[in-house]
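Take a look at the structure below.
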Amino acid sequence: MGKFMVGLPSNFEGMSGYRQRFIATQGPSKKTDPSSPPFNIVTEVKKEPVIQENIELVSSVYDGQEIESYRPNLKEVFEMDKAPEDNTTSTKRCVGLDIGTGFISCAEEEDSKIKFRKVRDAFFKLNPSKFLEGSANNFGEGMLKNAGAHYVKVDDQLYVLGDDAFKFANLFHQECLRPMHRGVLNSKQPVSNLMVSELVKAVAGKPQADDDVLYYCVPAEPIDAEFDVEYHKQILNGTFKELGYKNINVMTEGLAVVYSELSETQYTGIGMSFGAGMVNIVYAFMGIPVFAFSLSRGGDWIDSHAAQHSEETSNVITAIKEKADFSLADDTAGIQKAICIYYDSLLVYVVEQFKELYAKTPKKQLPNVTMEMPLVIAGGTSLMLGFVERLRELVAEDFPVPISEVKHAENPLFAVSNGLRRAATLSSAE
(Lines give C-alpha, C1' and ligand atoms only; values in the text may rest on other atoms or scores of the structure.)
Protein backbone atom coordinates (compact mmCIF):
# COMPACT_ATOMS: atom_id res chain seq x y z
CA MET A 1 0.00 0.00 0.00
CA GLY A 2 2.55 2.53 -1.13
CA LYS A 3 0.11 5.30 -1.97
CA PHE A 4 -2.45 7.45 -0.21
CA MET A 5 -5.82 5.80 0.15
CA VAL A 6 -8.82 7.20 -1.67
CA GLY A 7 -12.12 6.67 0.09
CA LEU A 8 -12.49 4.26 2.98
CA PRO A 9 -10.44 1.06 3.00
CA SER A 10 -12.21 -2.29 3.18
CA ASN A 11 -10.84 -2.96 6.68
CA PHE A 12 -12.01 0.42 8.00
CA GLU A 13 -14.29 -1.07 10.67
CA GLY A 14 -11.45 -3.17 12.04
CA MET A 15 -9.19 -0.20 12.59
CA SER A 16 -8.69 1.54 15.89
CA GLY A 17 -10.68 4.66 16.68
CA TYR A 18 -7.60 6.83 16.12
CA ARG A 19 -7.00 5.41 12.63
CA GLN A 20 -10.66 5.71 11.72
CA ARG A 21 -10.60 9.36 12.74
CA PHE A 22 -7.56 10.04 10.58
CA ILE A 23 -9.03 8.32 7.53
CA ALA A 24 -12.66 9.39 7.78
CA THR A 25 -12.70 13.12 8.43
CA GLN A 26 -15.71 13.19 10.67
CA GLY A 27 -17.64 16.19 11.90
CA PRO A 28 -18.57 16.84 15.53
CA SER A 29 -20.80 14.44 17.40
CA LYS A 30 -24.46 15.39 17.24
CA LYS A 31 -24.46 15.61 21.02
CA THR A 32 -21.52 17.96 21.14
CA ASP A 33 -21.08 21.67 20.63
CA PRO A 34 -20.14 21.98 16.93
CA SER A 35 -17.66 24.72 17.78
CA SER A 36 -15.49 22.10 19.45
CA PRO A 37 -14.02 19.75 16.80
CA PRO A 38 -13.67 16.16 18.03
CA PHE A 39 -10.13 15.85 16.68
CA ASN A 40 -8.02 18.93 16.04
CA ILE A 41 -5.57 16.72 14.19
CA VAL A 42 -8.09 15.86 11.47
CA THR A 43 -8.22 19.41 10.22
CA GLU A 44 -4.48 20.01 10.42
CA VAL A 45 -2.82 16.93 8.93
CA LYS A 46 -2.76 17.55 5.21
CA LYS A 47 -2.74 13.98 3.93
CA GLU A 48 -4.23 10.70 5.01
CA PRO A 49 -2.02 8.02 6.56
CA VAL A 50 0.10 5.70 4.49
CA ILE A 51 0.93 2.23 5.71
CA GLN A 52 4.43 1.56 4.43
CA GLU A 53 5.46 -2.03 3.89
CA ASN A 54 9.13 -2.88 3.39
CA ILE A 55 9.69 -6.41 4.65
CA GLU A 56 12.92 -6.88 6.54
CA LEU A 57 14.14 -10.11 8.20
CA VAL A 58 17.04 -9.54 10.56
CA SER A 59 18.98 -12.00 12.72
CA SER A 60 21.00 -10.74 15.67
CA VAL A 61 22.06 -11.41 19.24
CA TYR A 62 20.56 -9.40 22.09
CA ASP A 63 21.73 -9.85 25.67
CA GLY A 64 23.14 -13.28 24.80
CA GLN A 65 19.92 -14.45 23.12
CA GLU A 66 19.36 -15.26 19.46
CA ILE A 67 16.90 -12.81 17.95
CA GLU A 68 15.04 -12.98 14.66
CA SER A 69 13.01 -9.92 13.69
CA TYR A 70 10.42 -9.99 10.94
CA ARG A 71 9.77 -6.31 10.40
CA PRO A 72 7.33 -5.36 7.62
CA ASN A 73 7.76 -1.75 8.81
CA LEU A 74 4.03 -1.39 9.29
CA LYS A 75 3.55 2.09 10.63
CA GLU A 76 1.20 4.97 10.13
CA VAL A 77 2.75 7.95 8.37
CA PHE A 78 1.31 11.47 8.40
CA GLU A 79 2.57 14.78 7.14
CA MET A 80 1.75 18.44 7.69
CA ASP A 81 2.99 21.80 6.49
CA LYS A 82 5.47 23.62 8.66
CA ALA A 83 3.96 26.39 10.75
CA PRO A 84 5.00 29.90 9.63
CA GLU A 85 6.87 30.48 12.90
CA ASP A 86 8.71 27.16 12.51
CA ASN A 87 11.27 28.72 10.18
CA THR A 88 14.54 27.53 11.71
CA THR A 89 16.50 25.27 9.39
CA SER A 90 19.37 22.86 9.79
CA THR A 91 21.57 21.01 7.35
CA LYS A 92 21.49 17.99 9.62
CA ARG A 93 18.80 15.34 9.99
CA CYS A 94 16.85 16.27 13.13
CA VAL A 95 14.72 13.56 14.71
CA GLY A 96 12.24 13.88 17.59
CA LEU A 97 11.31 10.60 19.24
CA ASP A 98 8.48 10.24 21.75
CA ILE A 99 8.68 6.91 23.60
CA GLY A 100 5.22 6.84 25.12
CA THR A 101 3.45 4.19 27.15
CA GLY A 102 0.72 3.87 24.52
CA PHE A 103 2.49 4.82 21.28
CA ILE A 104 5.96 5.55 19.93
CA SER A 105 6.06 8.44 17.47
CA CYS A 106 8.80 10.05 15.45
CA ALA A 107 8.94 13.46 13.76
CA GLU A 108 11.40 14.86 11.23
CA GLU A 109 11.42 17.31 8.35
CA GLU A 110 11.44 15.89 4.83
CA ASP A 111 11.03 17.98 1.66
CA SER A 112 9.87 21.05 3.63
CA LYS A 113 7.12 18.98 5.29
CA ILE A 114 6.94 17.56 8.79
CA LYS A 115 6.62 13.77 8.62
CA PHE A 116 5.23 11.82 11.58
CA ARG A 117 5.43 8.07 12.02
CA LYS A 118 3.81 6.15 14.85
CA VAL A 119 3.32 2.62 16.11
CA ARG A 120 1.51 1.22 19.14
CA ASP A 121 3.95 0.55 21.99
CA ALA A 122 2.80 -2.97 22.80
CA PHE A 123 3.66 -6.65 22.38
CA PHE A 124 1.93 -9.99 22.84
CA LYS A 125 3.56 -13.28 23.82
CA LEU A 126 2.16 -15.75 21.36
CA ASN A 127 1.22 -19.34 22.09
CA PRO A 128 1.28 -21.06 18.66
CA SER A 129 -1.23 -23.70 19.81
CA LYS A 130 -3.83 -20.92 19.72
CA PHE A 131 -3.67 -21.19 15.93
CA LEU A 132 -4.04 -24.94 15.73
CA GLU A 133 -4.11 -27.48 18.55
CA GLY A 134 -0.74 -29.20 18.84
CA SER A 135 0.84 -27.08 16.10
CA ALA A 136 4.53 -26.36 16.07
CA ASN A 137 6.16 -22.97 16.38
CA ASN A 138 6.91 -22.75 12.67
CA PHE A 139 3.20 -22.95 11.85
CA GLY A 140 2.44 -19.96 14.06
CA GLU A 141 5.39 -18.11 12.56
CA GLY A 142 4.17 -18.88 9.05
CA MET A 143 0.75 -17.48 9.91
CA LEU A 144 2.33 -14.26 11.16
CA LYS A 145 4.42 -13.88 8.01
CA ASN A 146 1.40 -14.43 5.78
CA ALA A 147 -0.50 -11.80 7.75
CA GLY A 148 2.39 -9.32 7.41
CA ALA A 149 2.68 -8.95 11.17
CA HIS A 150 5.66 -7.41 12.93
CA TYR A 151 7.07 -10.05 15.24
CA VAL A 152 10.23 -11.08 17.04
CA LYS A 153 11.44 -14.59 17.82
CA VAL A 154 13.58 -14.86 20.94
CA ASP A 155 15.02 -18.36 21.43
CA ASP A 156 11.96 -19.85 19.65
CA GLN A 157 9.46 -17.74 21.62
CA LEU A 158 7.29 -15.56 19.39
CA TYR A 159 6.27 -11.99 20.28
CA VAL A 160 3.91 -9.93 18.12
CA LEU A 161 4.51 -6.16 18.20
CA GLY A 162 2.59 -2.95 17.57
CA ASP A 163 -1.06 -2.78 16.54
CA ASP A 164 -1.09 -6.50 15.78
CA ALA A 165 -0.29 -7.23 19.43
CA PHE A 166 -3.37 -5.25 20.43
CA LYS A 167 -5.51 -7.25 18.00
CA PHE A 168 -4.22 -10.61 19.24
CA ALA A 169 -4.80 -9.64 22.87
CA ASN A 170 -8.41 -8.67 22.15
CA LEU A 171 -8.93 -11.84 20.12
CA PHE A 172 -7.93 -14.06 23.03
CA HIS A 173 -9.52 -11.85 25.74
CA GLN A 174 -6.14 -11.14 27.25
CA GLU A 175 -4.29 -7.98 28.21
CA CYS A 176 -1.72 -6.52 25.86
CA LEU A 177 1.81 -6.44 27.27
CA ARG A 178 3.56 -3.09 27.47
CA PRO A 179 7.31 -2.41 27.27
CA MET A 180 6.48 0.77 29.19
CA HIS A 181 4.60 1.23 32.44
CA ARG A 182 3.67 4.62 33.86
CA GLY A 183 5.96 6.40 31.45
CA VAL A 184 9.12 4.36 32.05
CA LEU A 185 10.45 0.96 30.97
CA ASN A 186 8.43 -1.87 32.46
CA SER A 187 10.74 -3.73 34.86
CA LYS A 188 8.18 -6.54 35.18
CA GLN A 189 8.69 -7.49 31.53
CA PRO A 190 12.25 -8.82 31.00
CA VAL A 191 12.04 -8.25 27.22
CA SER A 192 10.90 -4.61 27.50
CA ASN A 193 14.23 -3.17 26.35
CA LEU A 194 14.29 -5.41 23.28
CA MET A 195 10.69 -4.59 22.34
CA VAL A 196 11.26 -0.83 22.61
CA SER A 197 14.39 -1.19 20.48
CA GLU A 198 12.44 -3.06 17.80
CA LEU A 199 9.62 -0.51 17.76
CA VAL A 200 12.06 2.41 17.60
CA LYS A 201 13.68 0.81 14.55
CA ALA A 202 10.23 0.67 12.93
CA VAL A 203 9.55 4.41 13.23
CA ALA A 204 12.96 6.13 13.39
CA GLY A 205 15.28 3.65 11.78
CA LYS A 206 19.03 3.91 11.96
CA PRO A 207 20.92 7.19 11.51
CA GLN A 208 21.55 8.31 7.96
CA ALA A 209 24.74 10.24 8.84
CA ASP A 210 27.12 10.59 11.78
CA ASP A 211 25.84 14.08 12.59
CA ASP A 212 22.12 13.16 12.82
CA VAL A 213 20.59 14.89 15.85
CA LEU A 214 18.21 12.87 18.01
CA TYR A 215 16.05 14.29 20.81
CA TYR A 216 13.96 11.96 22.94
CA CYS A 217 11.81 12.60 25.99
CA VAL A 218 11.57 11.24 29.52
CA PRO A 219 9.02 11.94 32.24
CA ALA A 220 9.70 14.64 34.78
CA GLU A 221 10.20 13.36 38.32
CA PRO A 222 6.87 12.02 39.65
CA ILE A 223 5.42 13.61 42.76
CA ASP A 224 2.94 10.85 43.58
CA ALA A 225 4.99 7.70 42.97
CA GLU A 226 8.50 6.34 43.23
CA PHE A 227 10.32 5.02 40.19
CA ASP A 228 13.70 5.55 38.62
CA VAL A 229 13.57 8.00 35.72
CA GLU A 230 17.39 8.03 35.51
CA TYR A 231 17.56 4.28 34.85
CA HIS A 232 14.93 4.65 32.15
CA LYS A 233 16.85 7.53 30.57
CA GLN A 234 20.16 5.66 30.50
CA ILE A 235 18.67 2.47 29.06
CA LEU A 236 17.02 4.41 26.23
CA ASN A 237 20.25 6.31 25.61
CA GLY A 238 22.04 2.98 25.26
CA THR A 239 19.39 1.73 22.86
CA PHE A 240 19.89 4.74 20.58
CA LYS A 241 23.67 4.30 20.70
CA GLU A 242 23.30 0.67 19.65
CA LEU A 243 21.24 1.86 16.67
CA GLY A 244 24.18 4.08 15.70
CA TYR A 245 23.08 7.55 16.87
CA LYS A 246 25.85 9.73 18.32
CA ASN A 247 24.27 13.14 18.94
CA ILE A 248 21.66 12.07 21.52
CA ASN A 249 19.79 14.57 23.68
CA VAL A 250 16.97 14.36 26.22
CA MET A 251 14.11 16.67 27.25
CA THR A 252 11.15 16.28 29.58
CA GLU A 253 7.86 15.50 27.89
CA GLY A 254 5.99 18.58 29.10
CA LEU A 255 8.72 20.92 27.87
CA ALA A 256 8.55 19.27 24.45
CA VAL A 257 4.88 20.32 24.25
CA VAL A 258 5.91 23.91 24.99
CA TYR A 259 8.56 23.83 22.23
CA SER A 260 5.99 22.46 19.80
CA GLU A 261 3.15 24.89 20.49
CA LEU A 262 4.34 28.08 22.21
CA SER A 263 6.97 29.67 19.99
CA GLU A 264 4.72 32.75 19.60
CA THR A 265 5.02 33.41 23.35
CA GLN A 266 8.78 32.75 23.34
CA TYR A 267 8.14 29.32 24.86
CA THR A 268 6.42 30.79 27.91
CA GLY A 269 3.39 29.00 29.32
CA ILE A 270 2.18 25.70 30.71
CA GLY A 271 2.45 22.47 28.77
CA MET A 272 0.48 19.37 29.75
CA SER A 273 0.92 16.01 28.07
CA PHE A 274 -1.79 13.46 28.87
CA GLY A 275 -0.41 10.09 27.91
CA ALA A 276 -1.40 6.50 28.54
CA GLY A 277 0.93 5.99 31.49
CA MET A 278 1.35 9.44 32.98
CA VAL A 279 0.53 13.12 32.87
CA ASN A 280 3.56 15.36 32.37
CA ILE A 281 3.37 19.04 33.26
CA VAL A 282 5.79 21.93 32.91
CA TYR A 283 5.57 25.62 33.77
CA ALA A 284 8.10 27.28 31.48
CA PHE A 285 9.36 30.84 31.08
CA MET A 286 11.33 31.74 27.94
CA GLY A 287 11.94 28.04 27.29
CA ILE A 288 13.33 27.41 30.76
CA PRO A 289 11.30 25.13 33.04
CA VAL A 290 10.30 26.88 36.29
CA PHE A 291 9.13 23.55 37.58
CA ALA A 292 8.21 20.27 35.96
CA PHE A 293 6.57 17.20 37.39
CA SER A 294 4.70 14.08 36.39
CA LEU A 295 1.75 12.20 37.82
CA SER A 296 1.40 8.43 37.73
CA ARG A 297 -2.12 8.54 36.32
CA GLY A 298 -3.11 8.64 32.67
CA GLY A 299 -5.18 6.85 30.08
CA ASP A 300 -4.27 3.40 31.43
CA TRP A 301 -5.42 4.46 34.90
CA ILE A 302 -8.80 5.43 33.42
CA ASP A 303 -9.04 2.15 31.50
CA SER A 304 -8.13 -0.14 34.40
CA HIS A 305 -10.53 1.55 36.80
CA ALA A 306 -13.38 1.66 34.28
CA ALA A 307 -12.78 -2.03 33.50
CA GLN A 308 -13.47 -2.88 37.14
CA HIS A 309 -17.08 -1.85 36.54
CA SER A 310 -17.54 -4.18 33.58
CA GLU A 311 -16.65 -7.68 32.47
CA GLU A 312 -14.29 -6.36 29.82
CA THR A 313 -10.50 -6.13 29.79
CA SER A 314 -8.64 -2.83 29.84
CA ASN A 315 -7.87 -3.37 26.14
CA VAL A 316 -11.59 -3.28 25.31
CA ILE A 317 -12.04 -0.12 27.38
CA THR A 318 -9.16 1.43 25.45
CA ALA A 319 -10.84 0.58 22.14
CA ILE A 320 -14.16 2.10 23.30
CA LYS A 321 -12.37 5.22 24.47
CA GLU A 322 -10.36 5.61 21.27
CA LYS A 323 -13.51 5.64 19.15
CA ALA A 324 -14.38 8.91 20.92
CA ASP A 325 -18.03 8.84 19.86
CA PHE A 326 -19.29 10.38 23.12
CA SER A 327 -18.41 13.43 25.19
CA LEU A 328 -17.53 13.98 28.82
CA ALA A 329 -20.53 16.32 28.89
CA ASP A 330 -22.96 13.65 27.63
CA ASP A 331 -25.48 11.89 29.85
CA THR A 332 -23.94 8.45 29.49
CA ALA A 333 -24.46 5.03 31.10
CA GLY A 334 -22.60 1.76 31.56
CA ILE A 335 -18.96 1.62 30.48
CA GLN A 336 -19.11 5.09 28.94
CA LYS A 337 -20.32 6.51 32.25
CA ALA A 338 -17.42 4.87 34.07
CA ILE A 339 -14.95 6.28 31.54
CA CYS A 340 -16.39 9.79 31.99
CA ILE A 341 -16.22 9.53 35.79
CA TYR A 342 -12.54 8.61 35.78
CA TYR A 343 -11.70 11.21 33.14
CA ASP A 344 -13.17 13.88 35.38
CA SER A 345 -11.36 12.47 38.39
CA LEU A 346 -8.05 12.61 36.50
CA LEU A 347 -8.54 16.25 35.46
CA VAL A 348 -9.48 17.36 38.98
CA TYR A 349 -6.43 15.51 40.32
CA VAL A 350 -4.07 17.19 37.85
CA VAL A 351 -5.29 20.71 38.64
CA GLU A 352 -5.16 20.15 42.40
CA GLN A 353 -1.62 18.74 42.22
CA PHE A 354 -0.46 21.76 40.21
CA LYS A 355 -1.94 24.12 42.79
CA GLU A 356 -0.28 22.26 45.67
CA LEU A 357 3.15 22.20 44.01
CA TYR A 358 2.93 25.89 43.11
CA ALA A 359 2.05 26.75 46.71
CA LYS A 360 5.03 24.74 48.00
CA THR A 361 7.53 26.34 45.57
CA PRO A 362 9.54 29.16 47.21
CA LYS A 363 8.55 32.53 45.78
CA LYS A 364 12.16 33.27 44.87
CA GLN A 365 12.06 30.31 42.47
CA LEU A 366 8.94 31.57 40.68
CA PRO A 367 9.19 34.15 37.88
CA ASN A 368 8.09 37.64 38.90
CA VAL A 369 5.55 38.03 36.11
CA THR A 370 1.89 39.01 36.15
CA MET A 371 1.08 38.59 32.47
CA GLU A 372 -1.36 35.94 31.38
CA MET A 373 0.07 32.89 29.63
CA PRO A 374 -1.38 30.02 27.59
CA LEU A 375 -1.97 26.48 28.77
CA VAL A 376 -1.59 23.95 25.98
CA ILE A 377 -2.75 20.34 26.13
CA ALA A 378 -1.43 17.35 24.18
CA GLY A 379 -1.42 13.56 24.26
CA GLY A 380 -3.75 10.79 23.16
CA THR A 381 -5.72 10.80 26.40
CA SER A 382 -6.71 14.43 25.73
CA LEU A 383 -8.58 13.50 22.54
CA MET A 384 -11.80 12.67 24.37
CA LEU A 385 -14.64 15.01 23.42
CA GLY A 386 -15.23 17.66 26.07
CA PHE A 387 -11.74 17.26 27.57
CA VAL A 388 -10.50 20.78 26.83
CA GLU A 389 -13.77 22.36 27.94
CA ARG A 390 -13.70 20.56 31.29
CA LEU A 391 -10.09 21.52 31.98
CA ARG A 392 -10.91 25.11 31.04
CA GLU A 393 -13.63 25.10 33.71
CA LEU A 394 -11.27 23.74 36.36
CA VAL A 395 -8.44 26.24 35.80
CA ALA A 396 -10.92 29.10 35.94
CA GLU A 397 -11.31 28.42 39.68
CA ASP A 398 -8.47 29.88 41.80
CA PHE A 399 -5.67 28.71 39.51
CA PRO A 400 -2.39 30.26 40.75
CA VAL A 401 -1.09 31.24 37.29
CA PRO A 402 -3.04 33.77 35.17
CA ILE A 403 -4.16 31.90 32.06
CA SER A 404 -4.85 33.65 28.75
CA GLU A 405 -6.30 30.58 27.05
CA VAL A 406 -6.60 26.81 27.35
CA LYS A 407 -6.07 25.20 23.98
CA HIS A 408 -5.41 21.88 22.32
CA ALA A 409 -2.10 21.35 20.57
CA GLU A 410 -2.35 21.69 16.81
CA ASN A 411 -1.75 17.94 16.52
CA PRO A 412 -2.28 16.41 19.99
CA LEU A 413 -0.90 12.96 19.16
CA PHE A 414 2.35 14.32 17.74
CA ALA A 415 2.98 17.49 19.75
CA VAL A 416 5.67 15.84 21.89
CA SER A 417 7.64 14.37 18.97
CA ASN A 418 7.20 17.64 17.04
CA GLY A 419 8.55 19.66 19.98
CA LEU A 420 11.53 17.33 20.21
CA ARG A 421 12.14 17.73 16.48
CA ARG A 422 11.97 21.50 16.83
CA ALA A 423 14.41 21.43 19.77
CA ALA A 424 16.79 19.31 17.69
CA THR A 425 16.55 21.79 14.82
CA LEU A 426 17.10 24.82 17.06
CA SER A 427 20.13 23.18 18.69
CA SER A 428 21.77 22.42 15.34
CA ALA A 429 20.77 25.51 13.35
CA GLU A 430 23.51 27.07 11.29
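Starting from 1 in every chain, residues are counted up; chains themselves are A, B, ... following the order of the C-alpha coordinates, and ligands are numbered from 1 as listed.
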### Residues within 9 Å of Arg421 (chain A), only C-alpha atoms, excluding chain neighbours under 6 positions, as a PyMOL selection string
chain A and resi 94-97+106-109+213-216+256+260
Go ahead and save the picked residues with N, CA and C atoms, as a PDB file, in the first residue's frame.
```pdb
ATOM      1  N   CYS A  94      17.274  16.022  11.753  1.00  0.00           N
ATOM      2  CA  CYS A  94      16.849  16.270  13.132  1.00  0.00           C
ATOM      3  C   CYS A  94      15.618  15.413  13.430  1.00  0.00           C
ATOM      4  N   VAL A  95      15.755  14.537  14.405  1.00  0.00           N
ATOM      5  CA  VAL A  95      14.716  13.557  14.714  1.00  0.00           C
ATOM      6  C   VAL A  95      14.202  13.780  16.128  1.00  0.00           C
ATOM      7  N   GLY A  96      12.879  13.836  16.279  1.00  0.00           N
ATOM      8  CA  GLY A  96      12.241  13.882  17.594  1.00  0.00           C
ATOM      9  C   GLY A  96      11.532  12.575  17.846  1.00  0.00           C
ATOM     10  N   LEU A  97      11.827  11.935  18.968  1.00  0.00           N
ATOM     11  CA  LEU A  97      11.307  10.601  19.243  1.00  0.00           C
ATOM     12  C   LEU A  97      10.600  10.581  20.594  1.00  0.00           C
ATOM     13  N   CYS A 106       7.574   9.424  15.924  1.00  0.00           N
ATOM     14  CA  CYS A 106       8.805  10.053  15.455  1.00  0.00           C
ATOM     15  C   CYS A 106       8.442  11.209  14.534  1.00  0.00           C
ATOM     16  N   ALA A 107       9.180  12.299  14.624  1.00  0.00           N
ATOM     17  CA  ALA A 107       8.945  13.460  13.759  1.00  0.00           C
ATOM     18  C   ALA A 107      10.264  13.909  13.151  1.00  0.00           C
ATOM     19  N   GLU A 108      10.239  14.255  11.876  1.00  0.00           N
ATOM     20  CA  GLU A 108      11.401  14.856  11.229  1.00  0.00           C
ATOM     21  C   GLU A 108      10.933  15.595   9.987  1.00  0.00           C
ATOM     22  N   GLU A 109      11.755  16.520   9.528  1.00  0.00           N
ATOM     23  CA  GLU A 109      11.416  17.306   8.345  1.00  0.00           C
ATOM     24  C   GLU A 109      11.945  16.609   7.107  1.00  0.00           C
ATOM     25  N   VAL A 213      20.896  14.409  14.498  1.00  0.00           N
ATOM     26  CA  VAL A 213      20.586  14.886  15.846  1.00  0.00           C
ATOM     27  C   VAL A 213      19.292  14.232  16.326  1.00  0.00           C
ATOM     28  N   LEU A 214      19.376  13.547  17.458  1.00  0.00           N
ATOM     29  CA  LEU A 214      18.207  12.865  18.012  1.00  0.00           C
ATOM     30  C   LEU A 214      17.853  13.466  19.367  1.00  0.00           C
ATOM     31  N   TYR A 215      16.590  13.867  19.511  1.00  0.00           N
ATOM     32  CA  TYR A 215      16.055  14.291  20.805  1.00  0.00           C
ATOM     33  C   TYR A 215      14.960  13.306  21.205  1.00  0.00           C
ATOM     34  N   TYR A 216      15.034  12.815  22.426  1.00  0.00           N
ATOM     35  CA  TYR A 216      13.965  11.961  22.941  1.00  0.00           C
ATOM     36  C   TYR A 216      13.503  12.516  24.274  1.00  0.00           C
ATOM     37  N   ALA A 256       8.657  19.512  25.888  1.00  0.00           N
ATOM     38  CA  ALA A 256       8.553  19.266  24.447  1.00  0.00           C
ATOM     39  C   ALA A 256       7.247  19.828  23.897  1.00  0.00           C
ATOM     40  N   SER A 260       6.812  22.715  20.978  1.00  0.00           N
ATOM     41  CA  SER A 260       5.989  22.465  19.797  1.00  0.00           C
ATOM     42  C   SER A 260       4.967  23.565  19.557  1.00  0.00           C
TER      43      SER A 260
END
```
### Task
From region 61-250 of chain A, collect each residue whose DSSP state is alpha helix (DSSP H) and return the set as a ChimeraX atom specification.
/A:137-147,163-171,192-203,229-243
Neighbour list for Glu198 (chain A) as an mmCIF file with N, CA and C atoms, in the first residue's frame, cut-off 10 Å, only C-alpha atoms, skip fewer than 4 positions in-chain:
```cif
data_model
loop_
_atom_site.group_PDB
_atom_site.id
_atom_site.type_symbol
_atom_site.label_atom_id
_atom_site.label_comp_id
_atom_site.auth_asym_id
_atom_site.auth_seq_id
_atom_site.Cartn_x
_atom_site.Cartn_y
_atom_site.Cartn_z
ATOM 1 N N SER A 69 14.037 -10.964 13.798
ATOM 2 C CA SER A 69 13.012 -9.922 13.690
ATOM 3 C C SER A 69 12.432 -9.937 12.286
ATOM 4 N N TYR A 70 11.113 -10.089 12.218
ATOM 5 C CA TYR A 70 10.417 -9.985 10.938
ATOM 6 C C TYR A 70 9.677 -8.662 10.975
ATOM 7 N N ARG A 71 10.229 -7.681 10.266
ATOM 8 C CA ARG A 71 9.766 -6.307 10.401
ATOM 9 C C ARG A 71 9.219 -5.789 9.070
ATOM 10 N N HIS A 150 4.341 -7.699 12.388
ATOM 11 C CA HIS A 150 5.662 -7.408 12.928
ATOM 12 C C HIS A 150 5.858 -8.290 14.157
ATOM 13 N N TYR A 151 6.843 -9.174 14.097
ATOM 14 C CA TYR A 151 7.067 -10.052 15.238
ATOM 15 C C TYR A 151 8.554 -10.268 15.471
ATOM 16 N N VAL A 152 8.864 -10.767 16.652
ATOM 17 C CA VAL A 152 10.235 -11.077 17.043
ATOM 18 C C VAL A 152 10.251 -12.482 17.616
ATOM 19 N N LEU A 161 4.306 -7.539 17.767
ATOM 20 C CA LEU A 161 4.507 -6.161 18.196
ATOM 21 C C LEU A 161 3.512 -5.217 17.542
ATOM 22 N N GLY A 162 3.362 -4.033 18.158
ATOM 23 C CA GLY A 162 2.592 -2.951 17.571
ATOM 24 C C GLY A 162 1.092 -3.182 17.612
ATOM 25 N N SER A 192 11.338 -5.975 27.805
ATOM 26 C CA SER A 192 10.904 -4.607 27.497
ATOM 27 C C SER A 192 11.925 -3.844 26.665
ATOM 28 N N ASN A 193 13.197 -3.923 27.062
ATOM 29 C CA ASN A 193 14.232 -3.167 26.348
ATOM 30 C C ASN A 193 14.304 -3.591 24.880
ATOM 31 N N LEU A 194 14.237 -4.897 24.649
ATOM 32 C CA LEU A 194 14.289 -5.413 23.282
ATOM 33 C C LEU A 194 13.089 -4.933 22.477
ATOM 34 N N ALA A 202 11.344 0.608 13.877
ATOM 35 C CA ALA A 202 10.234 0.669 12.926
ATOM 36 C C ALA A 202 9.868 2.099 12.564
ATOM 37 N N VAL A 203 9.994 3.045 13.520
ATOM 38 C CA VAL A 203 9.553 4.410 13.231
ATOM 39 C C VAL A 203 10.693 5.383 12.939
ATOM 40 N N GLY A 205 14.222 4.256 12.549
ATOM 41 C CA GLY A 205 15.279 3.646 11.779
ATOM 42 C C GLY A 205 16.651 3.980 12.322
ATOM 43 N N THR A 239 20.090 2.284 24.011
ATOM 44 C CA THR A 239 19.387 1.728 22.856
ATOM 45 C C THR A 239 19.666 2.544 21.608
#
```
### Query
Residues at most 8 Å from Gln157 (chain A), counting only C-alpha atoms, excluding those fewer than 3 positions away in the same chain, as a PyMOL selection string?
chain A and resi 125-126+153-154
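Checking A:Gly238, A:Pro367, A:Pro207, A:Gly287 one by one against Ala423 (chain A), counting only C-alpha atoms, you find the shortest gap at A:Gly287.
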### Query
By how many Å are CA of Tyr343 (chain A) and CA of Phe274 (chain A) apart?
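Taking CA of Tyr343 (chain A) as the start and CA of Phe274 (chain A) as the end point, the length is 11.0 Å.
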